[in-house]
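Below you'll find the structure, written out as structure tokens, and then a few comments.
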Amino acid sequence: MAPQQTRFIAFMAVMTVFTGFIQPWIQKSTTIFGFNREAIQHGTSTCTLEFPSHLTGCEDMHLYESEDGETRIMYLACSADLGKRTQWFPPGFHLNKTVVPEGPVRDNVFALDLNTNHLTRLDFHNFPADEDIVLHGFDFAQNSPHHLSFFFINHRRTGSVIEKFAHSIGTGQLYHHETFNVSEHGTHVPNDVLAISDSEFYVTNMRSSNPHTAHPLWSQFEIYTRRPWGHILHYSPSSGYSIAASNIPGANGITGTKDQVFVSAETDGAIYVYSRSAADGSLVREQIVPLNYMLDNPSLNPHTNELVIAGHPQIRGISQHQANPSIPAGSLVTRISVAQLGSGYFGGGNEVAAPAVEVLFSDYSGMVNASTTAVVDGEGTLWVTGLFTAGVAKCPNPEGKVHNFKKKAERVY
Ligand SMILES: *[C@@H]1O[C@H](CO)[C@@H](O)[C@H](O)[C@H]1NC(C)=O
Ligand SMILES: *[C@@H]1O[C@H](CO)[C@@H](O)[C@H](O)[C@H]1NC(C)=O
Ligand SMILES: *[C@@H]1O[C@H](CO)[C@@H](O)[C@H](O)[C@H]1NC(C)=O
């Protein structure tokens, strides 16, 4: 072939690969990471900041409501010392085991009574005095009318584990029962837990790179190239540990019921929906719901059957904020209806559509820095918190703003 012809064919091949694969990939990354996202303020005018000096760095929170609705307690897993968290928090690349002052790191679990606005710090019992409690995601299951079993991720400096504690509702105590060594089962960067019962749980693993042993650049590579290397580990006494789902880009928060599990694929900007087999705990992926921002913890509102999803609108903001919390970062919370998932739009059948996405809260003013969890309670009040933020934002009557992410996805919100 003439050199000119060869050059032309090579050029066309490069263009085909570029327009077919690379360009859409770049476009999707730009959208999810929010490189062009406008900093639009929404839903923050009714909010107040609750207990900013006690509820610091509460990465996760879960609401307990009794069946009669008389008891409503928000449990929160918070940092006792944000300075220590910037020394030691492996998922956020803080890997300096020398924390000051010396001694175990002891984060705080709080119970906020939503009826009385009374805040209680829970005491840890039966836990080794010299061990760390470095909190991240957690969940609880109700065993009986008055008792809950909590499963907390604990990023001990000797390796990340899950700690099970028993709690009687209305008391200020947590009794340690068991430690689950999930690192031993390849789950080195656990992020969040879904408790199914007092002995069965799922835990997400964000990335395949072990922050304790791998160079931090490997984790950065996984994040920025959105590698699908996260997974969900399942544990039950009868089946032991098993990988229930893999191929998840940045498996972050997890929530669900006995039949359905929802996971935030953070770097795919999507909720992965799984059906669950109660018999063996196995998960089958049914749907990917694109939301087009970096998703953190989802929570399920049992009153409305809606998912409320907190996350990070701009990757630049969250990475700078994680490295140095005195740099503020934006927050974004959306809502989708579970009834619109699967073929719900079409009244059953085989067709599947993306559900409507509503923006509930979008903040760039520092009211909440880098939202990690949002919960809507039985009265419809929205609560928003974050890994390094002070206090919890309480927003009565949030107004959903329907947003079509397909149009102008990279411009609005
Ligand atoms: C780890 O933290 C200690 C205490 O703040 C500090 O003295 C030390 O220089 C830090 N090490 C590294 C590698 O940053
Ligand atoms: C978990 O397992 C790892 C690897 O076997 C071990 O190094 C670590 O000490 C264990 N952690 C606990 C709390 O038992
Ligand atoms: C968010 O970060 C900024 C900068 O550090 C800070 O001034 C502000 O108080 C923070 N907001 C909260 C709620 O912590």
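So you can find residues: chains in the structure tokens are A, B, ... in the order shown, residues in each start at 1, and ligands are numbered from 1 in order.
Near ligand 3, at a distance of at most 7 Å and with only C-alpha atoms and all ligand atoms counted, sit the residues Pro325, Ser326, Ile327, Pro328, Ala329, Gly366, Met367, Val368, Asn369, Phe388, Thr389, Ala390 and Gly391 of chain A.
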### Message
Let me see if you get this right: every residue at most 7 Å from ligand 1, counting only C-alpha atoms and all ligand atoms, written as a count of residues only.
### Response
6
#### Entry: Spatial neighbours of Ile232 in chain A, max dist 7 Å, only C-alpha atoms, sep filter under 5 positions, as number ranges by chain
A: 202-205, 243-246
Could you produce a table of the residues of chain A lying within 7 Å of ligand 2, with the nearest pair of atoms per residue and their separation in Å rounded to one decimal, using only C-alpha atoms and all ligand atoms, ordered by chain and increasing residue number, as a Markdown table?
| residue | atom | partner | partner_atom_place_in_ligand_line | distance |
| --- | --- | --- | --- | --- |
| A:Thr158 | CA | ligand 2 | 9 (O) | 6.0 |
| A:Gly159 | CA | ligand 2 | 11 (N) | 5.9 |
| A:Val161 | CA | ligand 2 | 13 (C) | 6.5 |
| A:Thr179 | CA | ligand 2 | 13 (C) | 6.8 |
| A:Asn181 | CA | ligand 2 | 1 (C) | 4.9 |
| A:Ser183 | CA | ligand 2 | 1 (C) | 5.9 |
| A:Glu184 | CA | ligand 2 | 2 (O) | 4.6 |
Convert the current residue selection to file output with N, CA and C atoms, as a short mmCIF file (atom, residue, chain, number, x, y, z; two decimals), in the first residue's frame.
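What landed in selection_8.cif:
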data_model
loop_
_atom_site.label_atom_id
_atom_site.label_comp_id
_atom_site.auth_asym_id
_atom_site.auth_seq_id
_atom_site.Cartn_x
_atom_site.Cartn_y
_atom_site.Cartn_z
N THR A 158 -4.32 -2.15 63.21
CA THR A 158 -3.80 -3.48 62.91
C THR A 158 -4.58 -4.14 61.77
N GLY A 159 -5.52 -3.42 61.17
CA GLY A 159 -6.31 -3.98 60.06
C GLY A 159 -7.79 -3.70 60.28
N VAL A 161 -11.74 -4.30 60.48
CA VAL A 161 -12.62 -5.39 60.90
C VAL A 161 -14.05 -4.85 61.06
N THR A 179 -15.82 -9.88 66.86
CA THR A 179 -15.06 -9.17 65.83
C THR A 179 -15.02 -10.05 64.59
N ASN A 181 -13.19 -10.55 61.15
CA ASN A 181 -11.97 -10.13 60.47
C ASN A 181 -12.17 -10.19 58.95
N SER A 183 -10.76 -8.37 56.69
CA SER A 183 -9.52 -8.21 55.92
C SER A 183 -8.97 -9.57 55.51
N GLU A 184 -9.16 -10.54 56.40
CA GLU A 184 -8.70 -11.90 56.10
C GLU A 184 -9.40 -12.47 54.88
#
### Between CA of Ile73 in chain A and CA of Val359 in chain A, distance in Å (one decimal)
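For CA of Ile73 in chain A relative to CA of Val359 in chain A, the distance reads 25.4 Å.
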### Task
Enumerate as a PyMOL selection string all residues of range 150-208 of chain A assigned to strand (DSSP E or B) by DSSP on the backbone, naming them with the chain letters and numbers the document uses.
chain A and resi 150-156+159-168+173-180+190-195+201-205
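All residues within range 96-251 of chain A that the backbone DSSP calculation assigns to helix (DSSP H, G or I) are A:Val182, A:Ser183, A:Glu184, A:His185, A:Pro216, A:Leu217, A:Trp218, A:Ser219, A:Gln220, A:Phe221, A:Glu222, A:Ile223, A:Tyr224.
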### Message
Using only C-alpha atoms, which protein or nucleic acid residues come within 7 Å of range 379-383 of chain A? Drop anything in the same chain fewer than 2 positions from it, and give the result as a list in words.
### Response
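Surrounding residues, per the criterion: Ala374, Val375, Val376, Asp377, Thr385, Val392, Ala393, Lys394, Cys395, Pro396, Asn397 and Pro398 of chain A.
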Written file, previous selection with N, CA and C atoms, as a tab-separated table (two decimals), in the first residue's frame:
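Ended up saving to out24.tsv:
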chain	number	residue	atom	x	y	z
A	374	ALA	N	-27.41	10.85	54.00
A	374	ALA	CA	-28.64	11.64	54.13
A	374	ALA	C	-29.77	10.69	54.46
A	375	VAL	N	-30.60	11.10	55.40
A	375	VAL	CA	-31.74	10.28	55.85
A	375	VAL	C	-32.97	11.16	55.89
A	376	VAL	N	-34.11	10.66	55.42
A	376	VAL	CA	-35.37	11.37	55.57
A	376	VAL	C	-36.18	10.61	56.62
A	377	ASP	N	-36.59	11.32	57.71
A	377	ASP	CA	-37.31	10.64	58.79
A	377	ASP	C	-38.81	10.56	58.50
A	385	THR	N	-25.19	14.61	56.74
A	385	THR	CA	-23.94	14.63	57.50
A	385	THR	C	-22.75	14.29	56.58
A	392	VAL	N	-24.90	18.09	62.13
A	392	VAL	CA	-25.76	17.44	61.15
A	392	VAL	C	-26.78	18.48	60.70
A	393	ALA	N	-26.93	18.64	59.39
A	393	ALA	CA	-27.92	19.60	58.88
A	393	ALA	C	-29.30	18.97	58.98
A	394	LYS	N	-30.24	19.75	59.53
A	394	LYS	CA	-31.62	19.29	59.68
A	394	LYS	C	-32.49	20.20	58.81
A	395	CYS	N	-33.14	19.61	57.81
A	395	CYS	CA	-33.85	20.41	56.82
A	395	CYS	C	-35.32	19.97	56.75
A	396	PRO	N	-36.23	20.71	57.42
A	396	PRO	CA	-37.64	20.34	57.38
A	396	PRO	C	-38.21	20.59	55.98
A	397	ASN	N	-39.15	19.76	55.59
A	397	ASN	CA	-39.86	19.89	54.30
A	397	ASN	C	-38.95	20.17	53.10
A	398	PRO	N	-38.01	19.30	52.83
A	398	PRO	CA	-37.15	19.55	51.67
A	398	PRO	C	-37.97	19.49	50.39
### Query
Quick one: of A:Asn252, A:Asn324, A:Thr225, A:Ser242, who's nearest to Ile22 in chain A, counting only C-alpha atoms?
A:Thr225
### Task
Tell me, in Å to one decimal, how far CA of Phe124 in chain A is from CA of Gln173 in chain A.
6.4 Å
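If you count only C-alpha atoms and ignore residues fewer than 6 places along the chain from Arg285 in chain A, what sits within 12 Å of it is Ile232, Ala244, Ala245, Ser246, Asn247, Ile248, Gln260, Val261, Phe262, Val263, Ile271, Tyr272, Val273, Tyr274, Ser275, Arg276, Ser277 and Gly342 of chain A.
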#### Entry: Long-range neighbours of Met294 in chain A as a list in words, 9 Å cut-off, only C-alpha atoms, 6 positions minimum in chain
Ile32, Phe33, Gly34, Ser264, Ala265, Glu266, Thr267, Asp268, Gly269, Ala270, Ala310, Gly311, His312, Pro313, Gln314 and Ile315 of chain A
For the selection just defined, write its residues with N, CA and C atoms to a file, as a PDB file, in the first residue's frame.
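Contents of part_12.pdb, freshly written:
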ATOM      1  N   ILE A  32     -19.367  12.322  35.760  1.00  0.00           N
ATOM      2  CA  ILE A  32     -19.424  11.766  37.119  1.00  0.00           C
ATOM      3  C   ILE A  32     -18.536  12.556  38.072  1.00  0.00           C
ATOM      4  N   PHE A  33     -17.335  12.905  37.607  1.00  0.00           N
ATOM      5  CA  PHE A  33     -16.402  13.619  38.478  1.00  0.00           C
ATOM      6  C   PHE A  33     -16.750  15.110  38.589  1.00  0.00           C
ATOM      7  N   GLY A  34     -17.729  15.542  37.814  1.00  0.00           N
ATOM      8  CA  GLY A  34     -18.241  16.909  37.958  1.00  0.00           C
ATOM      9  C   GLY A  34     -17.255  17.999  37.587  1.00  0.00           C
ATOM     10  N   SER A 264     -24.062   1.854  46.231  1.00  0.00           N
ATOM     11  CA  SER A 264     -23.523   2.999  45.503  1.00  0.00           C
ATOM     12  C   SER A 264     -22.221   2.591  44.841  1.00  0.00           C
ATOM     13  N   ALA A 265     -22.213   2.577  43.502  1.00  0.00           N
ATOM     14  CA  ALA A 265     -20.970   2.379  42.763  1.00  0.00           C
ATOM     15  C   ALA A 265     -20.417   3.793  42.563  1.00  0.00           C
ATOM     16  N   GLU A 266     -19.573   4.207  43.503  1.00  0.00           N
ATOM     17  CA  GLU A 266     -19.184   5.618  43.585  1.00  0.00           C
ATOM     18  C   GLU A 266     -18.604   6.145  42.277  1.00  0.00           C
ATOM     19  N   THR A 267     -17.655   5.428  41.695  1.00  0.00           N
ATOM     20  CA  THR A 267     -16.985   5.971  40.510  1.00  0.00           C
ATOM     21  C   THR A 267     -17.697   5.591  39.207  1.00  0.00           C
ATOM     22  N   ASP A 268     -18.823   4.899  39.316  1.00  0.00           N
ATOM     23  CA  ASP A 268     -19.671   4.714  38.138  1.00  0.00           C
ATOM     24  C   ASP A 268     -20.851   5.689  38.230  1.00  0.00           C
ATOM     25  N   GLY A 269     -20.925   6.434  39.327  1.00  0.00           N
ATOM     26  CA  GLY A 269     -22.003   7.408  39.521  1.00  0.00           C
ATOM     27  C   GLY A 269     -23.376   6.770  39.448  1.00  0.00           C
ATOM     28  N   ALA A 270     -23.489   5.509  39.932  1.00  0.00           N
ATOM     29  CA  ALA A 270     -24.737   4.760  39.735  1.00  0.00           C
ATOM     30  C   ALA A 270     -25.075   3.919  40.957  1.00  0.00           C
ATOM     31  N   ALA A 310     -26.662  10.403  49.316  1.00  0.00           N
ATOM     32  CA  ALA A 310     -25.712  11.503  49.512  1.00  0.00           C
ATOM     33  C   ALA A 310     -24.461  11.230  48.693  1.00  0.00           C
ATOM     34  N   GLY A 311     -23.774  12.295  48.314  1.00  0.00           N
ATOM     35  CA  GLY A 311     -22.549  12.087  47.565  1.00  0.00           C
ATOM     36  C   GLY A 311     -21.798  13.374  47.288  1.00  0.00           C
ATOM     37  N   HIS A 312     -20.886  13.249  46.326  1.00  0.00           N
ATOM     38  CA  HIS A 312     -19.891  14.299  46.088  1.00  0.00           C
ATOM     39  C   HIS A 312     -20.006  14.825  44.663  1.00  0.00           C
ATOM     40  N   PRO A 313     -20.385  16.106  44.514  1.00  0.00           N
ATOM     41  CA  PRO A 313     -20.628  16.642  43.181  1.00  0.00           C
ATOM     42  C   PRO A 313     -19.362  16.918  42.362  1.00  0.00           C
ATOM     43  N   GLN A 314     -18.222  17.095  43.056  1.00  0.00           N
ATOM     44  CA  GLN A 314     -16.985  17.441  42.334  1.00  0.00           C
ATOM     45  C   GLN A 314     -15.815  16.674  42.933  1.00  0.00           C
ATOM     46  N   ILE A 315     -15.133  15.888  42.121  1.00  0.00           N
ATOM     47  CA  ILE A 315     -14.042  15.058  42.664  1.00  0.00           C
ATOM     48  C   ILE A 315     -12.910  15.925  43.208  1.00  0.00           C
TER      49      ILE A 315
END
### Task
Kindly give the distance, in Å, that separates CA of Ala356 in chain A and CA of Leu332 in chain A, rounded to a single decimal.
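Answer for the CA of Ala356 in chain A to CA of Leu332 in chain A separation: 16.0 Å.
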### Query
Which neighbours of Thr44 in chain A fall inside 7 Å, counting only C-alpha atoms, when residues of the same chain fewer than 2 positions from it are skipped, and could you give them as a count of residues only?
5
